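Chemist: Just dropping this structure here.
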Amino acid sequence: MKKAWKWLESILLLMILLTIIPQNVGAASKTAPKVTDNYLQKVKQKGELIMGTSPDFPPYEFVKNINGKSKVEGIDVEIGKKVAHDLGVKLVVRTMDFDSLLVALETGKIDMVISGMDATPKRAQSVDFSHAYYKSGQDLLIRTSDKNKYHDYHSFAGKAIGAQTGSLQATLIKQQAKKVTLKTMDKDSDLILGLQTKKFDAVAVDTATAGAFAKNTSGITAIPSGFKVDSAGSAIAFHKGAKSLVNAANKSIAEIKQKDLINQVYLPKAGKYLTNGKNQKAAKVSNSMWAYKDFFIAGVGYTLFISAISVFFGFLLGAILALMRLSHNQFAHTIATAYIEFVRGTPLMVQLLFIYFGLGLIINIPALLSGIIAVALNSAAYVAEVIRSGVSSIAKGQTEASRSLGLSRSATMRYVIMPQAMKNIWPALGNEFVSLIKESSIVSVIGVKDLIYQSRIVQADTYRGVMPLVITMILYFIITFSLSSLMKVFERKMKHD
């Protein structure tokens with residue numbers, strides 16, 4: 001009986017402990033101080049807040065020619081300035097394609113994304129959003145001649161609608177407009193050009209953006225989209241776990257809403273920069289291509305600089321790889337072969353994004369340097385094969401004769417084989433260098449201000465899609481034709497020698 005009573009006492013005591021302990025633990029967890037992250041501290045230490053945006057989304061963000069210099073303006077930029085000001089730091093704006101913004105945020109290239117980005121549940125799985133600062137509807141841009149033909153997305157069964165890559169609009173079309181063909185592009189300016197040239201029948205954009213394009217682009221009008229949107233509105237995206245920055249931004253957004261700064265200050269300011277291309281005579285002067293000559297000149301400068309550096313290091317590394325592949329050293333031969341095959345077997349775009357974003361997790365490489373490295377490493381693989389084929393084209397008897405005369409292997413390669421090989425491969429090298437100049441245009445996707453990047457700025461600023469492309473093609477032709485002519489001069493000299 002006593003044993004039974006002792007067992008009962010033990011069970012009662014255990015039950016009491018199980019009841020009390022969780023309560024104490026819960027109370028302790030409530031009173032314990034919350035662990036905060038160090039993102040806000042890092043921003044304040046470096047004295048700058050880096051904002052990523054895709055400036056082709058007026059009135060949220062767009063590029064404007066101000067006194068001959070390109071400047072990103074719009075309500076998102078003003079919000080970024082407000083957040084940075086409240087933190088006591090400087091705002092730095094970095095531009096890139098919309099679908100690269102979250103990757104840049106994840107890899108630490110930027111501190112936040114403000115680019116008319118809707119805080120959708122799917123995006124919230126990979127980033128932390130602030131409170132929504134603005135909510136707008138969704139519209140469709142159509143050609144004015146089709147105004148009586150279409151009413152909302154239901155009218156486009158069997159038709160094609162364009163949307164920006166990675167945007168909320170693209171997702172809405174996929175989910176709700178099942179009978180519509182979706183076509184995506186990286187830039188809204190390219191979408192407008194596609195609409196004008198009848199590549200598709202409508203473009204899905206935010207209502208505020210639709211109004212800006214409809215107001216400033218001839219032959220374009222906006223209609224309601226009819227999409228049902230599951231989004232709190234446009235918000236600021238931060239790195240997952242950056243609660244300290246989110247809380248700081250929310251304080252700024254609360255003040256913006258309280259004072260109605262978006263409607264009272266930011267939108268009117270953006271409207272002053274958005275020239276009415278339909279009605280104002282001054283727009284014809286400001287939107288002329290001559291007014292943007294400095295933009296094209298800057299683009300040519302960047303393109304030539306990137307190409308020149310990439311050609312130099314690409315040729316140097318290519319020559320080394322070619323000699324390694326021709327070497328009798330099996331290890332060197334294997335390394336060179338693996339490198340050449342891998343680089344030639346993967347797209348330059350992927351290589352560029354990996355260097356800029358992927359390696360950005362280890363070391364922060366600037367966009368311009370990333371572009372040069374990617375183009376040079378890619379070119380080296382092709383140059384190596386050109387040089388190898390040139391060396392292999394020289395008869396083996398010349399090597400044997402040179403060695404019989406007492407020349408070493410390196411001296412034979414330097415004085416006998418390479419001069420003849422260079423003469424044979426010069427046209428192929430020239431073709432590779434010309435191709436490299438054109439391929440360097442891919443660096444625009446990470447915000448390098450080359451010729452393609454500048455032409456897109458002009459497109460977005462002038463609402464003219466074709467003429468900037470025509471000028472860009474002419475400038476590329478002048479550059480490549482000049483290089484081809486120079487290469488032919490040296491080719492004729494080699495033949496004469």
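Please note that chains go A, B, ... in the order of the structure tokens, that every chain numbers its residues from 1, and that ligands are numbered from 1 in the order shown.
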Kindly assemble as a tab-separated table a list of the region 206-324 of chain A residues that lie within 9 Å of region 162-181 of chain A, each paired with its nearest atom pair and their distance in Å to one decimal, using only C-alpha atoms, sorted first by chain and then by ascending residue number.

Modeler:
```
residue	atom	partner	partner_atom	distance
A:Asp206	CA	A:Gln169	CA	7.9
A:Phe227	CA	A:Leu172	CA	6.9
A:Lys228	CA	A:Leu172	CA	8.0
A:Val229	CA	A:Leu172	CA	7.6
```

Chemist: Could you give me, as a list in words, the residues within 9 Å of region 420-424 of chain A, counting only C-alpha atoms and dropping anything in the same chain fewer than 3 positions from it?

Modeler: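 In the requested form, the answer reads Ile387, Arg388, Ser389, Gly390, Val391, Ser392, Ser393, Ile394, Val416, Ile417, Pro427, Ala428, Leu429, Glu491, Met494 and Lys495 of chain A.
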
Chemist: Write the selection just made, keeping N, CA, C and O atoms, as an mmCIF file, in the first residue's frame?

Modeler:
```
data_model
loop_
_atom_site.group_PDB
_atom_site.id
_atom_site.type_symbol
_atom_site.label_atom_id
_atom_site.label_comp_id
_atom_site.auth_asym_id
_atom_site.auth_seq_id
_atom_site.Cartn_x
_atom_site.Cartn_y
_atom_site.Cartn_z
ATOM 1 N N ILE A 387 44.378 29.463 -82.468
ATOM 2 C CA ILE A 387 45.845 29.368 -82.441
ATOM 3 C C ILE A 387 46.286 27.918 -82.586
ATOM 4 O O ILE A 387 47.257 27.617 -83.311
ATOM 5 N N ARG A 388 45.607 27.012 -81.916
ATOM 6 C CA ARG A 388 45.976 25.598 -82.008
ATOM 7 C C ARG A 388 45.858 25.085 -83.443
ATOM 8 O O ARG A 388 46.733 24.351 -83.927
ATOM 9 N N SER A 389 44.787 25.493 -84.107
ATOM 10 C CA SER A 389 44.635 25.053 -85.500
ATOM 11 C C SER A 389 45.711 25.629 -86.393
ATOM 12 O O SER A 389 46.181 24.967 -87.330
ATOM 13 N N GLY A 390 46.135 26.877 -86.097
ATOM 14 C CA GLY A 390 47.207 27.491 -86.883
ATOM 15 C C GLY A 390 48.536 26.793 -86.689
ATOM 16 O O GLY A 390 49.267 26.545 -87.661
ATOM 17 N N VAL A 391 48.841 26.450 -85.446
ATOM 18 C CA VAL A 391 50.093 25.738 -85.162
ATOM 19 C C VAL A 391 50.066 24.349 -85.790
ATOM 20 O O VAL A 391 51.070 23.878 -86.363
ATOM 21 N N SER A 392 48.933 23.673 -85.732
ATOM 22 C CA SER A 392 48.820 22.329 -86.286
ATOM 23 C C SER A 392 48.919 22.321 -87.806
ATOM 24 O O SER A 392 49.250 21.284 -88.412
ATOM 25 N N SER A 393 48.651 23.474 -88.435
ATOM 26 C CA SER A 393 48.697 23.544 -89.901
ATOM 27 C C SER A 393 50.122 23.603 -90.445
ATOM 28 O O SER A 393 50.341 23.399 -91.639
ATOM 29 N N ILE A 394 51.097 23.895 -89.582
ATOM 30 C CA ILE A 394 52.493 23.969 -90.017
ATOM 31 C C ILE A 394 53.064 22.553 -90.117
ATOM 32 O O ILE A 394 52.902 21.736 -89.198
ATOM 33 N N VAL A 416 59.994 29.958 -85.451
ATOM 34 C CA VAL A 416 59.687 29.247 -86.700
ATOM 35 C C VAL A 416 58.182 28.991 -86.863
ATOM 36 O O VAL A 416 57.583 29.360 -87.878
ATOM 37 N N ILE A 417 57.576 28.373 -85.862
ATOM 38 C CA ILE A 417 56.184 27.927 -85.984
ATOM 39 C C ILE A 417 55.191 29.077 -85.828
ATOM 40 O O ILE A 417 54.311 29.284 -86.696
ATOM 41 N N PRO A 427 43.141 36.052 -90.356
ATOM 42 C CA PRO A 427 41.729 36.334 -90.693
ATOM 43 C C PRO A 427 40.759 35.782 -89.655
ATOM 44 O O PRO A 427 39.769 36.431 -89.314
ATOM 45 N N ALA A 428 41.048 34.583 -89.149
ATOM 46 C CA ALA A 428 40.169 33.992 -88.144
ATOM 47 C C ALA A 428 40.219 34.771 -86.833
ATOM 48 O O ALA A 428 39.194 34.955 -86.164
ATOM 49 N N LEU A 429 41.413 35.250 -86.464
ATOM 50 C CA LEU A 429 41.531 36.068 -85.260
ATOM 51 C C LEU A 429 40.763 37.372 -85.412
ATOM 52 O O LEU A 429 40.094 37.844 -84.486
ATOM 53 N N GLU A 491 46.909 42.097 -92.555
ATOM 54 C CA GLU A 491 46.886 40.855 -93.322
ATOM 55 C C GLU A 491 47.626 41.008 -94.638
ATOM 56 O O GLU A 491 48.399 40.129 -95.054
ATOM 57 N N MET A 494 51.331 41.064 -94.016
ATOM 58 C CA MET A 494 51.865 39.726 -93.770
ATOM 59 C C MET A 494 52.054 38.958 -95.073
ATOM 60 O O MET A 494 53.062 38.263 -95.251
ATOM 61 N N LYS A 495 51.100 39.086 -95.983
ATOM 62 C CA LYS A 495 51.215 38.392 -97.262
ATOM 63 C C LYS A 495 52.389 38.940 -98.062
ATOM 64 O O LYS A 495 53.093 38.203 -98.743
#
```

Chemist: Can you list every residue in region 107-344 of chain A that DSSP puts in strand (DSSP E or B), as a short mmCIF file (atom, residue, chain, number, x, y, z; two decimals) with all heavy atoms, in the first residue's frame?

Modeler:
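Saved to out.cif:
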```cif
data_model
loop_
_atom_site.label_atom_id
_atom_site.label_comp_id
_atom_site.auth_asym_id
_atom_site.auth_seq_id
_atom_site.Cartn_x
_atom_site.Cartn_y
_atom_site.Cartn_z
N MET A 112 18.50 46.64 -51.00
CA MET A 112 17.04 46.59 -51.10
C MET A 112 16.63 46.75 -52.56
O MET A 112 17.40 47.23 -53.39
CB MET A 112 16.40 47.71 -50.26
CG MET A 112 16.74 49.11 -50.72
SD MET A 112 15.94 50.36 -49.67
CE MET A 112 16.49 51.88 -50.49
N VAL A 113 15.42 46.32 -52.86
CA VAL A 113 14.83 46.47 -54.20
C VAL A 113 13.61 47.35 -54.09
O VAL A 113 12.69 47.06 -53.33
CB VAL A 113 14.42 45.10 -54.79
CG1 VAL A 113 13.66 45.30 -56.10
CG2 VAL A 113 15.64 44.23 -55.02
N ASP A 118 5.57 44.05 -56.55
CA ASP A 118 4.44 43.68 -55.70
C ASP A 118 4.85 42.62 -54.70
O ASP A 118 5.56 41.66 -55.03
CB ASP A 118 3.29 43.18 -56.57
CG ASP A 118 2.61 44.29 -57.34
OD1 ASP A 118 3.06 44.62 -58.46
OD2 ASP A 118 1.65 44.85 -56.80
N VAL A 127 12.31 36.62 -49.87
CA VAL A 127 12.75 37.95 -49.40
C VAL A 127 11.80 38.41 -48.30
O VAL A 127 10.73 37.86 -48.11
CB VAL A 127 12.76 38.99 -50.54
CG1 VAL A 127 13.72 38.59 -51.65
CG2 VAL A 127 11.35 39.21 -51.11
N ASP A 128 12.23 39.44 -47.58
CA ASP A 128 11.38 40.09 -46.59
C ASP A 128 10.87 41.40 -47.16
O ASP A 128 11.67 42.22 -47.64
CB ASP A 128 12.15 40.34 -45.29
CG ASP A 128 12.29 39.10 -44.45
OD1 ASP A 128 11.50 38.15 -44.66
OD2 ASP A 128 13.18 39.06 -43.57
N PHE A 129 9.57 41.60 -47.12
CA PHE A 129 8.97 42.82 -47.66
C PHE A 129 8.64 43.80 -46.54
O PHE A 129 8.27 43.42 -45.43
CB PHE A 129 7.69 42.49 -48.43
CG PHE A 129 7.93 42.00 -49.83
CD1 PHE A 129 7.70 40.67 -50.16
CD2 PHE A 129 8.38 42.86 -50.81
CE1 PHE A 129 7.91 40.21 -51.45
CE2 PHE A 129 8.60 42.40 -52.10
CZ PHE A 129 8.36 41.09 -52.43
N TYR A 134 2.39 51.62 -51.93
CA TYR A 134 1.48 52.10 -52.98
C TYR A 134 0.79 50.90 -53.61
O TYR A 134 1.41 49.86 -53.84
CB TYR A 134 2.27 52.86 -54.05
CG TYR A 134 1.41 53.60 -55.05
CD1 TYR A 134 0.72 54.75 -54.69
CD2 TYR A 134 1.30 53.15 -56.35
CE1 TYR A 134 -0.06 55.43 -55.61
CE2 TYR A 134 0.52 53.84 -57.29
CZ TYR A 134 -0.15 54.98 -56.91
OH TYR A 134 -0.93 55.66 -57.81
N GLN A 138 -4.21 46.97 -62.39
CA GLN A 138 -3.51 46.37 -63.52
C GLN A 138 -4.26 46.71 -64.80
O GLN A 138 -5.48 46.54 -64.87
CB GLN A 138 -3.41 44.85 -63.35
CG GLN A 138 -2.69 44.40 -62.10
CD GLN A 138 -1.24 44.81 -62.07
OE1 GLN A 138 -0.57 44.83 -63.11
NE2 GLN A 138 -0.75 45.16 -60.90
N ASP A 139 -3.54 47.19 -65.80
CA ASP A 139 -4.13 47.59 -67.08
C ASP A 139 -3.47 46.85 -68.23
O ASP A 139 -2.42 46.20 -68.05
CB ASP A 139 -4.01 49.09 -67.30
CG ASP A 139 -5.05 49.88 -66.53
OD1 ASP A 139 -5.89 49.25 -65.87
OD2 ASP A 139 -5.01 51.12 -66.57
N LEU A 140 -4.07 46.98 -69.39
CA LEU A 140 -3.50 46.47 -70.63
C LEU A 140 -3.30 47.64 -71.58
O LEU A 140 -4.20 48.47 -71.76
CB LEU A 140 -4.42 45.44 -71.28
CG LEU A 140 -4.62 44.11 -70.54
CD1 LEU A 140 -5.68 43.28 -71.25
CD2 LEU A 140 -3.32 43.34 -70.43
N LEU A 141 -2.13 47.72 -72.16
CA LEU A 141 -1.86 48.70 -73.21
C LEU A 141 -2.15 48.07 -74.56
O LEU A 141 -1.69 46.96 -74.84
CB LEU A 141 -0.40 49.16 -73.15
CG LEU A 141 -0.03 50.09 -72.00
CD1 LEU A 141 1.48 50.26 -71.92
CD2 LEU A 141 -0.72 51.43 -72.14
N ILE A 142 -2.93 48.74 -75.37
CA ILE A 142 -3.26 48.24 -76.71
C ILE A 142 -3.05 49.36 -77.72
O ILE A 142 -2.87 50.53 -77.35
CB ILE A 142 -4.73 47.74 -76.78
CG1 ILE A 142 -5.70 48.91 -76.48
CG2 ILE A 142 -4.95 46.59 -75.81
CD1 ILE A 142 -7.15 48.56 -76.70
N ARG A 143 -3.07 48.99 -78.99
CA ARG A 143 -2.99 50.00 -80.04
C ARG A 143 -4.32 50.77 -80.09
O ARG A 143 -5.40 50.17 -79.94
CB ARG A 143 -2.68 49.34 -81.39
CG ARG A 143 -1.29 48.73 -81.45
CD ARG A 143 -1.01 48.08 -82.80
NE ARG A 143 -1.78 46.84 -82.96
CZ ARG A 143 -1.38 45.64 -82.55
NH1 ARG A 143 -0.21 45.51 -81.93
NH2 ARG A 143 -2.14 44.57 -82.75
N ALA A 160 -1.83 37.19 -78.35
CA ALA A 160 -0.59 37.25 -77.56
C ALA A 160 -0.56 38.52 -76.74
O ALA A 160 -0.88 39.61 -77.24
CB ALA A 160 0.62 37.18 -78.48
N ILE A 161 -0.18 38.40 -75.47
CA ILE A 161 -0.01 39.54 -74.58
C ILE A 161 1.42 39.54 -74.07
O ILE A 161 1.93 38.51 -73.64
CB ILE A 161 -1.00 39.50 -73.40
CG1 ILE A 161 -2.43 39.56 -73.90
CG2 ILE A 161 -0.74 40.66 -72.44
CD1 ILE A 161 -3.47 39.51 -72.79
N GLY A 162 2.06 40.69 -74.08
CA GLY A 162 3.43 40.81 -73.61
C GLY A 162 3.48 41.27 -72.16
O GLY A 162 2.60 41.99 -71.69
N ALA A 163 4.52 40.85 -71.44
CA ALA A 163 4.73 41.26 -70.06
C ALA A 163 6.21 41.20 -69.75
O ALA A 163 6.97 40.49 -70.41
CB ALA A 163 3.94 40.39 -69.09
N GLN A 164 6.63 41.95 -68.75
CA GLN A 164 8.03 41.97 -68.36
C GLN A 164 8.42 40.66 -67.69
O GLN A 164 7.66 40.11 -66.88
CB GLN A 164 8.31 43.15 -67.43
CG GLN A 164 9.79 43.42 -67.20
CD GLN A 164 10.00 44.66 -66.36
OE1 GLN A 164 9.32 44.88 -65.37
NE2 GLN A 164 10.96 45.49 -66.75
N THR A 181 -1.57 33.66 -75.24
CA THR A 181 -0.15 33.35 -75.39
C THR A 181 0.68 34.44 -74.72
O THR A 181 0.55 35.62 -75.06
CB THR A 181 0.24 33.25 -76.87
OG1 THR A 181 -0.53 32.23 -77.50
CG2 THR A 181 1.73 32.92 -77.02
N LEU A 182 1.50 34.05 -73.76
CA LEU A 182 2.34 35.00 -73.03
C LEU A 182 3.69 35.16 -73.73
O LEU A 182 4.35 34.17 -74.05
CB LEU A 182 2.56 34.54 -71.60
CG LEU A 182 3.60 35.32 -70.77
CD1 LEU A 182 3.16 36.76 -70.58
CD2 LEU A 182 3.84 34.63 -69.43
N LYS A 183 4.10 36.41 -73.94
CA LYS A 183 5.42 36.71 -74.48
C LYS A 183 6.11 37.68 -73.54
O LYS A 183 5.57 38.74 -73.24
CB LYS A 183 5.32 37.30 -75.89
CG LYS A 183 4.80 36.32 -76.92
CD LYS A 183 4.90 36.89 -78.33
CE LYS A 183 4.44 35.86 -79.37
NZ LYS A 183 4.54 36.38 -80.75
N THR A 184 7.28 37.30 -73.04
CA THR A 184 7.98 38.14 -72.07
C THR A 184 9.24 38.76 -72.66
O THR A 184 9.89 38.18 -73.51
CB THR A 184 8.37 37.32 -70.83
OG1 THR A 184 9.23 36.24 -71.23
CG2 THR A 184 7.15 36.76 -70.14
N MET A 185 9.56 39.95 -72.17
CA MET A 185 10.79 40.66 -72.52
C MET A 185 11.33 41.31 -71.26
O MET A 185 10.60 41.50 -70.28
CB MET A 185 10.52 41.72 -73.60
CG MET A 185 10.18 41.15 -74.96
SD MET A 185 10.03 42.46 -76.21
CE MET A 185 9.84 41.45 -77.69
N ALA A 202 -1.23 43.15 -76.96
CA ALA A 202 -1.39 43.98 -75.76
C ALA A 202 -0.16 43.81 -74.88
O ALA A 202 0.61 42.86 -75.04
CB ALA A 202 -2.65 43.59 -75.00
N VAL A 203 0.00 44.74 -73.95
CA VAL A 203 1.07 44.67 -72.96
C VAL A 203 0.45 44.87 -71.59
O VAL A 203 -0.29 45.84 -71.36
CB VAL A 203 2.14 45.75 -73.21
CG1 VAL A 203 3.16 45.75 -72.08
CG2 VAL A 203 2.84 45.52 -74.54
N ALA A 204 0.72 43.95 -70.67
CA ALA A 204 0.18 44.03 -69.32
C ALA A 204 1.14 44.79 -68.42
O ALA A 204 2.31 44.41 -68.30
CB ALA A 204 -0.07 42.63 -68.76
N VAL A 205 0.66 45.87 -67.81
CA VAL A 205 1.48 46.70 -66.92
C VAL A 205 0.63 47.23 -65.78
O VAL A 205 -0.60 47.13 -65.79
CB VAL A 205 2.13 47.89 -67.67
CG1 VAL A 205 3.21 47.43 -68.62
CG2 VAL A 205 1.08 48.69 -68.41
N ASP A 206 1.30 47.82 -64.81
CA ASP A 206 0.65 48.50 -63.71
C ASP A 206 -0.15 49.70 -64.24
O ASP A 206 0.21 50.31 -65.24
CB ASP A 206 1.75 48.96 -62.74
CG ASP A 206 1.22 49.75 -61.58
OD1 ASP A 206 1.02 50.96 -61.75
OD2 ASP A 206 1.00 49.16 -60.52
N ILE A 220 -0.98 54.52 -78.68
CA ILE A 220 -1.12 53.57 -77.57
C ILE A 220 -2.17 54.08 -76.60
O ILE A 220 -2.20 55.27 -76.27
CB ILE A 220 0.21 53.37 -76.83
CG1 ILE A 220 1.28 52.81 -77.77
CG2 ILE A 220 0.03 52.43 -75.65
CD1 ILE A 220 0.99 51.45 -78.32
N THR A 221 -3.03 53.20 -76.14
CA THR A 221 -4.03 53.55 -75.13
C THR A 221 -4.14 52.43 -74.11
O THR A 221 -3.65 51.31 -74.34
CB THR A 221 -5.40 53.82 -75.79
OG1 THR A 221 -6.28 54.38 -74.83
CG2 THR A 221 -6.00 52.52 -76.33
N ALA A 222 -4.78 52.72 -72.97
CA ALA A 222 -4.88 51.74 -71.88
C ALA A 222 -6.32 51.34 -71.65
O ALA A 222 -7.24 52.15 -71.78
CB ALA A 222 -4.29 52.33 -70.60
N ILE A 223 -6.52 50.06 -71.29
CA ILE A 223 -7.84 49.55 -70.93
C ILE A 223 -7.69 48.72 -69.66
O ILE A 223 -6.60 48.24 -69.34
CB ILE A 223 -8.45 48.69 -72.06
CG1 ILE A 223 -7.57 47.44 -72.32
CG2 ILE A 223 -8.67 49.49 -73.33
CD1 ILE A 223 -8.20 46.43 -73.27
N PRO A 224 -8.77 48.53 -68.88
CA PRO A 224 -8.68 47.68 -67.68
C PRO A 224 -8.32 46.24 -68.06
O PRO A 224 -8.77 45.73 -69.08
CB PRO A 224 -10.09 47.76 -67.09
CG PRO A 224 -10.67 49.02 -67.66
CD PRO A 224 -10.08 49.15 -69.03
N SER A 234 2.74 47.50 -53.98
CA SER A 234 4.19 47.63 -54.17
C SER A 234 4.87 47.84 -52.82
O SER A 234 4.42 48.65 -52.01
CB SER A 234 4.51 48.79 -55.11
OG SER A 234 3.96 48.58 -56.38
N ALA A 237 11.69 45.30 -51.07
CA ALA A 237 12.19 43.95 -50.78
C ALA A 237 13.57 44.03 -50.14
O ALA A 237 14.43 44.79 -50.61
CB ALA A 237 12.25 43.13 -52.07
N PHE A 238 13.76 43.27 -49.08
CA PHE A 238 15.04 43.20 -48.39
C PHE A 238 15.50 41.74 -48.32
O PHE A 238 14.72 40.81 -48.55
CB PHE A 238 14.93 43.76 -46.97
CG PHE A 238 14.67 45.24 -46.90
CD1 PHE A 238 13.37 45.71 -46.75
CD2 PHE A 238 15.70 46.15 -47.00
CE1 PHE A 238 13.12 47.07 -46.68
CE2 PHE A 238 15.46 47.51 -46.94
CZ PHE A 238 14.16 47.97 -46.78
N HIS A 239 16.75 41.56 -47.99
CA HIS A 239 17.31 40.21 -47.83
C HIS A 239 16.54 39.47 -46.74
O HIS A 239 16.12 40.06 -45.74
CB HIS A 239 18.79 40.30 -47.46
CG HIS A 239 19.53 39.01 -47.63
ND1 HIS A 239 19.49 37.99 -46.71
CD2 HIS A 239 20.33 38.56 -48.63
CE1 HIS A 239 20.23 36.98 -47.12
NE2 HIS A 239 20.75 37.30 -48.29
#
```

Chemist: If DSSP is run on the backbone, what residues of region 56-250 of chain A are helix (DSSP H, G or I)? A reply as a VMD selection string would be ideal.

Modeler: chain A and resid 75 to 87 98 to 106 123 to 125 144 to 146 153 to 156 168 to 176 188 to 196 207 to 216 243 to 250

Chemist: Which of these residues is nearest to Thr337 (chain A), using only C-alpha atoms: A:Ala322, A:Leu102, A:Ile446, A:Val458?

Modeler: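 Smallest distance to Thr337 (chain A) is found for A:Ala322.
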
Chemist: Would you mind telling me which residue in A:Val72, A:Met467, A:Leu451, A:Ala124 lies nearest to Asp294 (chain A) when using only C-alpha atoms?

Modeler: A:Leu451

Chemist: When you count only C-alpha atoms, which of these residues is closest to Lys198 (chain A): A:Gln398, A:Ala249, A:Ile236, A:Asp146?

Modeler: A:Asp146

Chemist: Find the spatial neighbours of Ala298 (chain A), counting only C-alpha atoms, within a cut-off of 8 Å - ignore same-chain residues fewer than 6 positions away - and output them as a list of chain:residue names.

Modeler: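 With the cut-off at 8 Å, the set is A:Lys449, A:Asp450, A:Leu451, A:Gln454.
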
Chemist: Need to verify the contact set: Pro121 (chain A), 9 Å, only C-alpha atoms, exclusion of same-chain residues closer than 4 positions in sequence. Can you return it as a list in words?

Modeler: Gln125, Asp230 and Ser231 of chain A

Chemist: Put those residues in a file: N, CA and C atoms, as a PDB file, in the first residue's frame.

Modeler:
```pdb
ATOM      1  N   GLN A 125       8.533  34.282 -49.944  1.00  0.00           N
ATOM      2  CA  GLN A 125       9.224  33.082 -49.480  1.00  0.00           C
ATOM      3  C   GLN A 125      10.738  33.241 -49.533  1.00  0.00           C
ATOM      4  N   ASP A 230      -3.767  39.165 -56.130  1.00  0.00           N
ATOM      5  CA  ASP A 230      -3.549  38.776 -54.740  1.00  0.00           C
ATOM      6  C   ASP A 230      -2.232  39.390 -54.276  1.00  0.00           C
ATOM      7  N   SER A 231      -2.264  40.698 -54.045  1.00  0.00           N
ATOM      8  CA  SER A 231      -1.054  41.400 -53.646  1.00  0.00           C
ATOM      9  C   SER A 231      -1.424  42.578 -52.764  1.00  0.00           C
TER      10      SER A 231
END
```

Chemist: Return the single residue from A:Thr107, A:Arg409, A:Ser402, A:Ile256 that is closest to Ile363 (chain A), with distances computed using only C-alpha atoms.

Modeler: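 For Ile363 (chain A), the nearest of the candidates is A:Thr107.
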
Chemist: Would you pick out the contacts of Gln351 (chain A) at 12 Å or less, using only C-alpha atoms, so that residues sharing its chain but fewer than 4 positions from it are not included, and give the list as a ChimeraX atom specification?

Modeler: /A:342-347,355-359,370-379,442-443

Chemist: Find, counting only C-alpha atoms, the residue in A:Leu261, A:Ile66, A:Ala235, A:Ala242 that gets nearest to Leu40 (chain A).

Modeler: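 Under the stated criterion, the closest residue is A:Ala242.
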